[in-house]
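Colleague: One file: target_17.cif (mmCIF, C-alpha atoms).
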data_input
loop_
_atom_site.group_PDB
_atom_site.id
_atom_site.type_symbol
_atom_site.label_atom_id
_atom_site.label_comp_id
_atom_site.auth_asym_id
_atom_site.auth_seq_id
_atom_site.Cartn_x
_atom_site.Cartn_y
_atom_site.Cartn_z
ATOM 1 C CA MET A 1 12.746 7.879 -12.066
ATOM 2 C CA PRO A 2 16.417 7.658 -11.152
ATOM 3 C CA GLU A 3 17.475 4.660 -9.073
ATOM 4 C CA GLY A 4 17.432 5.244 -5.314
ATOM 5 C CA GLN A 5 15.116 8.256 -5.451
ATOM 6 C CA GLN A 6 11.999 8.261 -3.296
ATOM 7 C CA VAL A 7 8.609 9.949 -3.678
ATOM 8 C CA ASN A 8 6.564 10.493 -0.503
ATOM 9 C CA PHE A 9 2.757 10.685 -0.562
ATOM 10 C CA LYS A 10 0.497 12.067 2.159
ATOM 11 C CA VAL A 11 -2.942 10.455 1.762
ATOM 12 C CA ILE A 12 -5.944 12.554 2.808
ATOM 13 C CA PHE A 13 -9.162 10.573 3.341
ATOM 14 C CA GLU A 14 -12.379 12.183 2.151
ATOM 15 C CA ASP A 15 -15.637 12.366 4.081
ATOM 16 C CA PRO A 16 -17.009 8.778 3.979
ATOM 17 C CA THR A 17 -20.603 10.035 3.697
ATOM 18 C CA ALA A 18 -19.980 11.879 0.399
ATOM 19 C CA GLY A 19 -20.798 10.125 -2.884
ATOM 20 C CA PRO A 20 -20.993 6.452 -3.831
ATOM 21 C CA VAL A 21 -18.367 4.191 -2.346
ATOM 22 C CA PRO A 22 -16.329 1.813 -4.531
ATOM 23 C CA LEU A 23 -16.170 -1.823 -3.488
ATOM 24 C CA PHE A 24 -12.376 -1.938 -3.613
ATOM 25 C CA SER A 25 -9.779 -0.536 -1.209
ATOM 26 C CA ASN A 26 -6.092 -0.270 -2.069
ATOM 27 C CA HIS A 27 -4.883 1.703 0.969
ATOM 28 C CA VAL A 28 -5.379 1.402 4.716
ATOM 29 C CA GLY A 29 -4.691 3.870 7.491
ATOM 30 C CA ILE A 30 -4.375 2.671 11.085
ATOM 31 C CA SER A 31 -4.633 5.017 14.046
ATOM 32 C CA ARG A 32 -5.190 4.922 17.778
ATOM 33 C CA ALA A 33 -7.264 7.283 19.882
ATOM 34 C CA GLY A 34 -7.261 6.585 23.604
ATOM 35 C CA THR A 35 -8.425 3.017 24.128
ATOM 36 C CA GLU A 36 -9.613 2.415 20.550
ATOM 37 C CA VAL A 37 -7.872 1.433 17.315
ATOM 38 C CA GLN A 38 -9.278 2.550 13.958
ATOM 39 C CA PHE A 39 -8.721 1.047 10.519
ATOM 40 C CA GLU A 40 -9.756 3.300 7.634
ATOM 41 C CA PHE A 41 -9.841 1.654 4.217
ATOM 42 C CA ALA A 42 -9.642 3.940 1.192
ATOM 43 C CA PHE A 43 -9.558 3.750 -2.592
ATOM 44 C CA LEU A 44 -6.753 5.717 -4.270
ATOM 45 C CA ASP A 45 -6.949 6.561 -7.978
ATOM 46 C CA ILE A 46 -4.053 4.620 -9.519
ATOM 47 C CA ASN A 47 -4.149 6.819 -12.653
ATOM 48 C CA LEU A 48 -3.565 9.913 -10.516
ATOM 49 C CA ILE A 49 -0.605 8.277 -8.789
ATOM 50 C CA ALA A 50 0.806 7.157 -12.163
ATOM 51 C CA SER A 51 0.470 10.725 -13.528
ATOM 52 C CA ILE A 52 2.285 12.170 -10.521
ATOM 53 C CA LEU A 53 5.087 9.615 -10.840
ATOM 54 C CA GLN A 54 5.377 10.269 -14.591
ATOM 55 C CA GLY A 55 5.627 14.013 -13.933
ATOM 56 C CA HIS A 56 8.259 13.353 -11.275
ATOM 57 C CA LYS A 57 10.191 11.232 -13.767
ATOM 58 C CA GLU A 58 10.046 14.087 -16.290
ATOM 59 C CA GLY A 59 11.396 16.565 -13.750
ATOM 60 C CA ILE A 60 8.098 18.106 -12.624
ATOM 61 C CA ARG A 61 8.610 18.177 -8.863
ATOM 62 C CA ALA A 62 5.845 18.769 -6.346
ATOM 63 C CA GLU A 63 6.392 19.591 -2.702
ATOM 64 C CA SER A 64 6.829 16.420 -0.665
ATOM 65 C CA PRO A 65 4.743 14.813 0.700
ATOM 66 C CA ILE A 66 2.280 14.951 -2.188
ATOM 67 C CA GLU A 67 -1.302 14.999 -0.894
ATOM 68 C CA ILE A 68 -3.771 12.610 -2.531
ATOM 69 C CA THR A 69 -7.420 12.406 -1.517
ATOM 70 C CA GLY A 70 -8.720 8.855 -1.240
ATOM 71 C CA ARG A 71 -12.354 7.724 -1.149
ATOM 72 C CA THR A 72 -13.103 6.109 2.208
ATOM 73 C CA VAL A 73 -14.569 2.641 1.724
ATOM 74 C CA ALA A 74 -14.945 1.605 5.366
ATOM 75 C CA LYS A 75 -13.925 2.490 8.896
ATOM 76 C CA ILE A 76 -13.542 -0.113 11.597
ATOM 77 C CA VAL A 77 -13.158 1.019 15.206
ATOM 78 C CA MET A 78 -12.414 -1.542 17.889
ATOM 79 C CA PRO A 79 -11.415 -1.497 21.542
ATOM 80 C CA MET A 80 -7.659 -1.737 22.067
ATOM 81 C CA HIS A 81 -7.939 -5.055 23.972
ATOM 82 C CA VAL A 82 -9.722 -6.647 20.977
ATOM 83 C CA PHE A 83 -7.004 -5.352 18.640
ATOM 84 C CA LEU A 84 -4.348 -6.888 20.912
ATOM 85 C CA GLN A 85 -6.136 -10.245 20.698
ATOM 86 C CA MET A 86 -5.618 -10.133 16.918
ATOM 87 C CA GLY A 87 -1.825 -9.791 17.308
ATOM 88 C CA GLY A 88 -0.943 -13.477 17.054
ATOM 89 C CA HIS A 89 -3.284 -14.006 14.117
ATOM 90 C CA LEU A 90 -1.874 -11.006 12.222
ATOM 91 C CA GLN A 91 1.704 -12.182 12.811
ATOM 92 C CA THR A 92 0.792 -15.627 11.459
ATOM 93 C CA LEU A 93 -0.813 -14.091 8.360
ATOM 94 C CA VAL A 94 2.224 -11.886 7.705
ATOM 95 C CA LYS A 95 4.607 -14.862 7.999
ATOM 96 C CA GLN A 96 2.450 -16.951 5.615
ATOM 97 C CA ILE A 97 2.298 -14.142 3.050
ATOM 98 C CA GLU A 98 6.068 -13.528 3.285
ATOM 99 C CA ALA A 99 6.721 -17.253 2.754
ATOM 100 C CA GLU A 100 4.416 -17.314 -0.294
ATOM 101 C CA LEU A 101 6.093 -14.262 -1.813
ATOM 102 C CA GLN A 102 9.539 -15.753 -1.164
ATOM 103 C CA THR A 103 8.492 -18.963 -2.946
ATOM 104 C CA GLU A 104 7.043 -17.002 -5.899
ATOM 105 C CA ASN A 105 10.233 -14.934 -6.240
ATOM 106 C CA GLU A 106 12.398 -18.061 -6.204
ATOM 107 C CA GLU A 107 10.210 -19.698 -8.877
ATOM 108 C CA GLU A 108 10.384 -16.586 -11.075
ATOM 109 C CA GLN A 109 14.167 -16.505 -10.817
ATOM 110 C CA GLU A 110 14.362 -20.186 -11.831
ATOM 111 C CA HIS A 111 12.324 -19.493 -14.988
ATOM 112 C CA GLU A 112 14.176 -16.341 -16.092
ATOM 113 C CA PRO A 113 16.207 -16.866 -19.248
ATOM 114 C CA SER A 114 19.947 -16.921 -18.722
ATOM 115 C CA THR A 115 21.890 -14.032 -20.234
ATOM 116 C CA SER A 116 25.206 -15.832 -20.119
ATOM 117 C CA ILE A 117 26.553 -17.536 -23.217
ATOM 118 C CA PRO A 118 28.003 -20.973 -22.530
ATOM 119 C CA ASP A 119 31.524 -21.754 -23.711
ATOM 120 C CA VAL A 120 31.553 -23.968 -26.808
#
Represent the supplied structure as structure tokens.
Modeller:
Amino acid sequence: MPEGQQVNFKVIFEDPTAGPVPLFSNHVGISRAGTEVQFEFAFLDINLIASILQGHKEGIRAESPIEITGRTVAKIVMPMHVFLQMGGHLQTLVKQIEAELQTENEEEQEHEPSTSIPDV
């Protein structure tokens, strides 16, 4: 795919009562209805996404956003005031994860082989 190009996906969650549910979720949708906040965890088929991206790379364009149906793994609904209580904890988690990723990126850059040829 050319540099700087973007592909948008619109994820459609399936009925959570249909079929067996996988134990892994790789996508989460968050919504609010009135005084409640809902987290919906879904499994998206990575092979399907890879096929769509490969087709896009080869010039096969679909209308954007591309709709993908995910298998709902779990739904969590909580009162808004409980969600607000999680705010500080979520911010702490995000900061810790960002710091870990920053450290990993710096370590990877240190171990990359140099492409420059030293003067002899």
Colleague: Considering only C-alpha atoms, can you say which of A:Gly70, A:Glu36, A:His27, A:Gln54 comes closest to Asp15 of chain A?
Modeller: A:Gly70
Colleague: For segment 81-94 of chain A, find every residue with an atom within 12 Å (counting only C-alpha atoms), except residues of its own chain fewer than 5 positions away, and show them as number ranges by chain.
Modeller: A: 30-32, 34-39, 76, 99-101
Colleague: Pull C-alpha atoms from the residues just selected and write them as an mmCIF file, in the coordinates of the input.
Modeller:
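Result file is out08.cif:
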data_model
loop_
_atom_site.group_PDB
_atom_site.id
_atom_site.type_symbol
_atom_site.label_atom_id
_atom_site.label_comp_id
_atom_site.auth_asym_id
_atom_site.auth_seq_id
_atom_site.Cartn_x
_atom_site.Cartn_y
_atom_site.Cartn_z
ATOM 1 C CA ILE A 30 -4.375 2.671 11.085
ATOM 2 C CA SER A 31 -4.633 5.017 14.046
ATOM 3 C CA ARG A 32 -5.190 4.922 17.778
ATOM 4 C CA GLY A 34 -7.261 6.585 23.604
ATOM 5 C CA THR A 35 -8.425 3.017 24.128
ATOM 6 C CA GLU A 36 -9.613 2.415 20.550
ATOM 7 C CA VAL A 37 -7.872 1.433 17.315
ATOM 8 C CA GLN A 38 -9.278 2.550 13.958
ATOM 9 C CA PHE A 39 -8.721 1.047 10.519
ATOM 10 C CA ILE A 76 -13.542 -0.113 11.597
ATOM 11 C CA ALA A 99 6.721 -17.253 2.754
ATOM 12 C CA GLU A 100 4.416 -17.314 -0.294
ATOM 13 C CA LEU A 101 6.093 -14.262 -1.813
#
Colleague: Running the PyMOL selection byres ((chain A and resi 10) around 12) on this model by hand, what would come out? Give it as a ChimeraX atom specification.
Modeller: /A:7-9,11-13,27,29,44,49,63-70
Colleague: Kindly resolve the PyMOL selection byres ((chain A and resi 72) around 8) on the present coordinates and return the residues as a PyMOL selection string.
Modeller: chain A and resi 13-16+21+40-43+70-71+73-75
Colleague: Please report the interatomic distance between atom CA of Ile52 of chain A and atom CA of Gln5 of chain A in Å with one decimal.
Modeller: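 Straight-line distance from atom CA of Ile52 of chain A to atom CA of Gln5 of chain A works out to 14.3 Å.
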Colleague: Box for segment 42-58 of chain A: with edges along x, y and z, all listed atoms inside and 8 Å added on each side, what are the centre and edge lengths in Å to one decimal, as AutoDock Vina command-line options?
Modeller:
--center_x 0.3 --center_y 8.9 --center_z -7.5 --size_x 35.8 --size_y 26.3 --size_z 33.5
Colleague: Just how far from atom CA of Ala50 of chain A is atom CA of Asn26 of chain A, in Å to one decimal?
Modeller: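 For atom CA of Asn26 of chain A relative to atom CA of Ala50 of chain A, the distance reads 14.3 Å.
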Colleague: Give me, please, the distance in Å between atom CA of His111 of chain A and atom CA of Glu98 of chain A, quoted to one decimal.
Modeller: 20.2 Å
Colleague: Restricting the calculation to only C-alpha atoms, which member of A:Glu104, A:Ser25, A:Glu58, A:Gln6 is positioned closest to Ile46 of chain A?
Modeller: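 Of all the options, A:Ser25 lies closest to Ile46 of chain A.
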Colleague: Looking at only C-alpha atoms, which of A:Phe24, A:Glu3, A:Ala33, A:Ser51 is the one that sits closest to Met78 of chain A?
Modeller: A:Ala33
Colleague: Got a sec to write segment 61-98 of chain A of the block to a file, N, CA and C atoms, as an mmCIF file, in the first residue's frame?
Modeller:
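Wrote part-v3.cif, looks like this:
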data_model
loop_
_atom_site.group_PDB
_atom_site.id
_atom_site.type_symbol
_atom_site.label_atom_id
_atom_site.label_comp_id
_atom_site.auth_asym_id
_atom_site.auth_seq_id
_atom_site.Cartn_x
_atom_site.Cartn_y
_atom_site.Cartn_z
ATOM 1 N N ARG A 61 -10.325 -1.743 -4.930
ATOM 2 C CA ARG A 61 -10.831 -0.791 -3.933
ATOM 3 C C ARG A 61 -12.274 -1.115 -3.568
ATOM 4 N N ALA A 62 -12.556 -1.127 -2.299
ATOM 5 C CA ALA A 62 -13.929 -1.280 -1.812
ATOM 6 C C ALA A 62 -14.373 0.066 -1.260
ATOM 7 N N GLU A 63 -15.678 0.253 -1.194
ATOM 8 C CA GLU A 63 -16.204 1.501 -0.651
ATOM 9 C C GLU A 63 -15.822 1.627 0.821
ATOM 10 N N SER A 64 -15.359 2.804 1.198
ATOM 11 C CA SER A 64 -14.904 3.039 2.564
ATOM 12 C C SER A 64 -16.034 3.648 3.379
ATOM 13 N N PRO A 65 -16.275 3.275 4.599
ATOM 14 C CA PRO A 65 -15.534 2.263 5.356
ATOM 15 C C PRO A 65 -15.956 0.841 4.968
ATOM 16 N N ILE A 66 -15.012 -0.070 5.036
ATOM 17 C CA ILE A 66 -15.251 -1.472 4.730
ATOM 18 C C ILE A 66 -15.880 -2.116 5.960
ATOM 19 N N GLU A 67 -17.021 -2.765 5.786
ATOM 20 C CA GLU A 67 -17.704 -3.389 6.924
ATOM 21 C C GLU A 67 -17.179 -4.798 7.151
ATOM 22 N N ILE A 68 -16.833 -5.091 8.401
ATOM 23 C CA ILE A 68 -16.355 -6.409 8.808
ATOM 24 C C ILE A 68 -17.199 -6.842 9.997
ATOM 25 N N THR A 69 -17.723 -8.055 9.942
ATOM 26 C CA THR A 69 -18.514 -8.564 11.060
ATOM 27 C C THR A 69 -17.592 -9.289 12.037
ATOM 28 N N GLY A 70 -17.626 -8.857 13.286
ATOM 29 C CA GLY A 70 -16.836 -9.497 14.328
ATOM 30 C C GLY A 70 -17.720 -10.368 15.202
ATOM 31 N N ARG A 71 -17.124 -11.375 15.818
ATOM 32 C CA ARG A 71 -17.849 -12.263 16.741
ATOM 33 C C ARG A 71 -17.758 -11.677 18.140
ATOM 34 N N THR A 72 -18.901 -11.316 18.722
ATOM 35 C CA THR A 72 -18.907 -10.739 20.056
ATOM 36 C C THR A 72 -18.464 -11.779 21.077
ATOM 37 N N VAL A 73 -17.478 -11.404 21.882
ATOM 38 C CA VAL A 73 -16.955 -12.284 22.922
ATOM 39 C C VAL A 73 -17.622 -11.966 24.255
ATOM 40 N N ALA A 74 -17.780 -10.672 24.543
ATOM 41 C CA ALA A 74 -18.388 -10.272 25.816
ATOM 42 C C ALA A 74 -18.896 -8.845 25.714
ATOM 43 N N LYS A 75 -19.917 -8.564 26.510
ATOM 44 C CA LYS A 75 -20.417 -7.199 26.667
ATOM 45 C C LYS A 75 -20.405 -6.887 28.155
ATOM 46 N N ILE A 76 -19.908 -5.708 28.470
ATOM 47 C CA ILE A 76 -19.895 -5.258 29.858
ATOM 48 C C ILE A 76 -20.620 -3.922 29.894
ATOM 49 N N VAL A 77 -21.682 -3.858 30.681
ATOM 50 C CA VAL A 77 -22.443 -2.615 30.844
ATOM 51 C C VAL A 77 -22.298 -2.178 32.292
ATOM 52 N N MET A 78 -21.937 -0.907 32.472
ATOM 53 C CA MET A 78 -21.766 -0.406 33.841
ATOM 54 C C MET A 78 -22.351 0.985 33.957
ATOM 55 N N PRO A 79 -22.793 1.345 35.159
ATOM 56 C CA PRO A 79 -23.292 2.702 35.375
ATOM 57 C C PRO A 79 -22.175 3.715 35.104
ATOM 58 N N MET A 80 -22.563 4.871 34.591
ATOM 59 C CA MET A 80 -21.606 5.911 34.236
ATOM 60 C C MET A 80 -20.726 6.306 35.418
ATOM 61 N N HIS A 81 -21.289 6.382 36.637
ATOM 62 C CA HIS A 81 -20.478 6.811 37.791
ATOM 63 C C HIS A 81 -19.393 5.776 38.116
ATOM 64 N N VAL A 82 -19.644 4.507 37.853
ATOM 65 C CA VAL A 82 -18.617 3.474 38.067
ATOM 66 C C VAL A 82 -17.519 3.627 37.022
ATOM 67 N N PHE A 83 -17.918 3.881 35.771
ATOM 68 C CA PHE A 83 -16.942 4.102 34.701
ATOM 69 C C PHE A 83 -16.036 5.281 35.040
ATOM 70 N N LEU A 84 -16.628 6.366 35.554
ATOM 71 C CA LEU A 84 -15.833 7.546 35.920
ATOM 72 C C LEU A 84 -14.821 7.226 37.013
ATOM 73 N N GLN A 85 -15.184 6.319 37.921
ATOM 74 C CA GLN A 85 -14.258 5.931 38.988
ATOM 75 C C GLN A 85 -13.028 5.215 38.432
ATOM 76 N N MET A 86 -13.159 4.623 37.253
ATOM 77 C CA MET A 86 -12.043 3.910 36.626
ATOM 78 C C MET A 86 -11.075 4.857 35.921
ATOM 79 N N GLY A 87 -11.456 6.129 35.753
ATOM 80 C CA GLY A 87 -10.668 7.080 34.979
ATOM 81 C C GLY A 87 -9.212 7.161 35.376
ATOM 82 N N GLY A 88 -8.938 7.374 36.649
ATOM 83 C CA GLY A 88 -7.561 7.475 37.127
ATOM 84 C C GLY A 88 -6.773 6.206 36.878
ATOM 85 N N HIS A 89 -7.402 5.068 37.108
ATOM 86 C CA HIS A 89 -6.733 3.781 36.904
ATOM 87 C C HIS A 89 -6.396 3.569 35.422
ATOM 88 N N LEU A 90 -7.344 3.903 34.538
ATOM 89 C CA LEU A 90 -7.103 3.744 33.104
ATOM 90 C C LEU A 90 -5.980 4.670 32.628
ATOM 91 N N GLN A 91 -5.958 5.897 33.132
ATOM 92 C CA GLN A 91 -4.891 6.829 32.752
ATOM 93 C C GLN A 91 -3.527 6.306 33.194
ATOM 94 N N THR A 92 -3.469 5.729 34.394
ATOM 95 C CA THR A 92 -2.219 5.152 34.892
ATOM 96 C C THR A 92 -1.773 4.001 34.008
ATOM 97 N N LEU A 93 -2.711 3.117 33.651
ATOM 98 C CA LEU A 93 -2.376 1.985 32.774
ATOM 99 C C LEU A 93 -1.851 2.460 31.425
ATOM 100 N N VAL A 94 -2.505 3.452 30.839
ATOM 101 C CA VAL A 94 -2.086 3.965 29.533
ATOM 102 C C VAL A 94 -0.673 4.538 29.630
ATOM 103 N N LYS A 95 -0.383 5.307 30.658
ATOM 104 C CA LYS A 95 0.955 5.886 30.830
ATOM 105 C C LYS A 95 2.012 4.797 30.993
ATOM 106 N N GLN A 96 1.702 3.739 31.767
ATOM 107 C CA GLN A 96 2.651 2.637 31.957
ATOM 108 C C GLN A 96 2.918 1.920 30.639
ATOM 109 N N ILE A 97 1.866 1.665 29.877
ATOM 110 C CA ILE A 97 2.023 0.967 28.593
ATOM 111 C C ILE A 97 2.821 1.833 27.619
ATOM 112 N N GLU A 98 2.531 3.128 27.561
ATOM 113 C CA GLU A 98 3.284 4.030 26.674
ATOM 114 C C GLU A 98 4.760 4.048 27.054
#
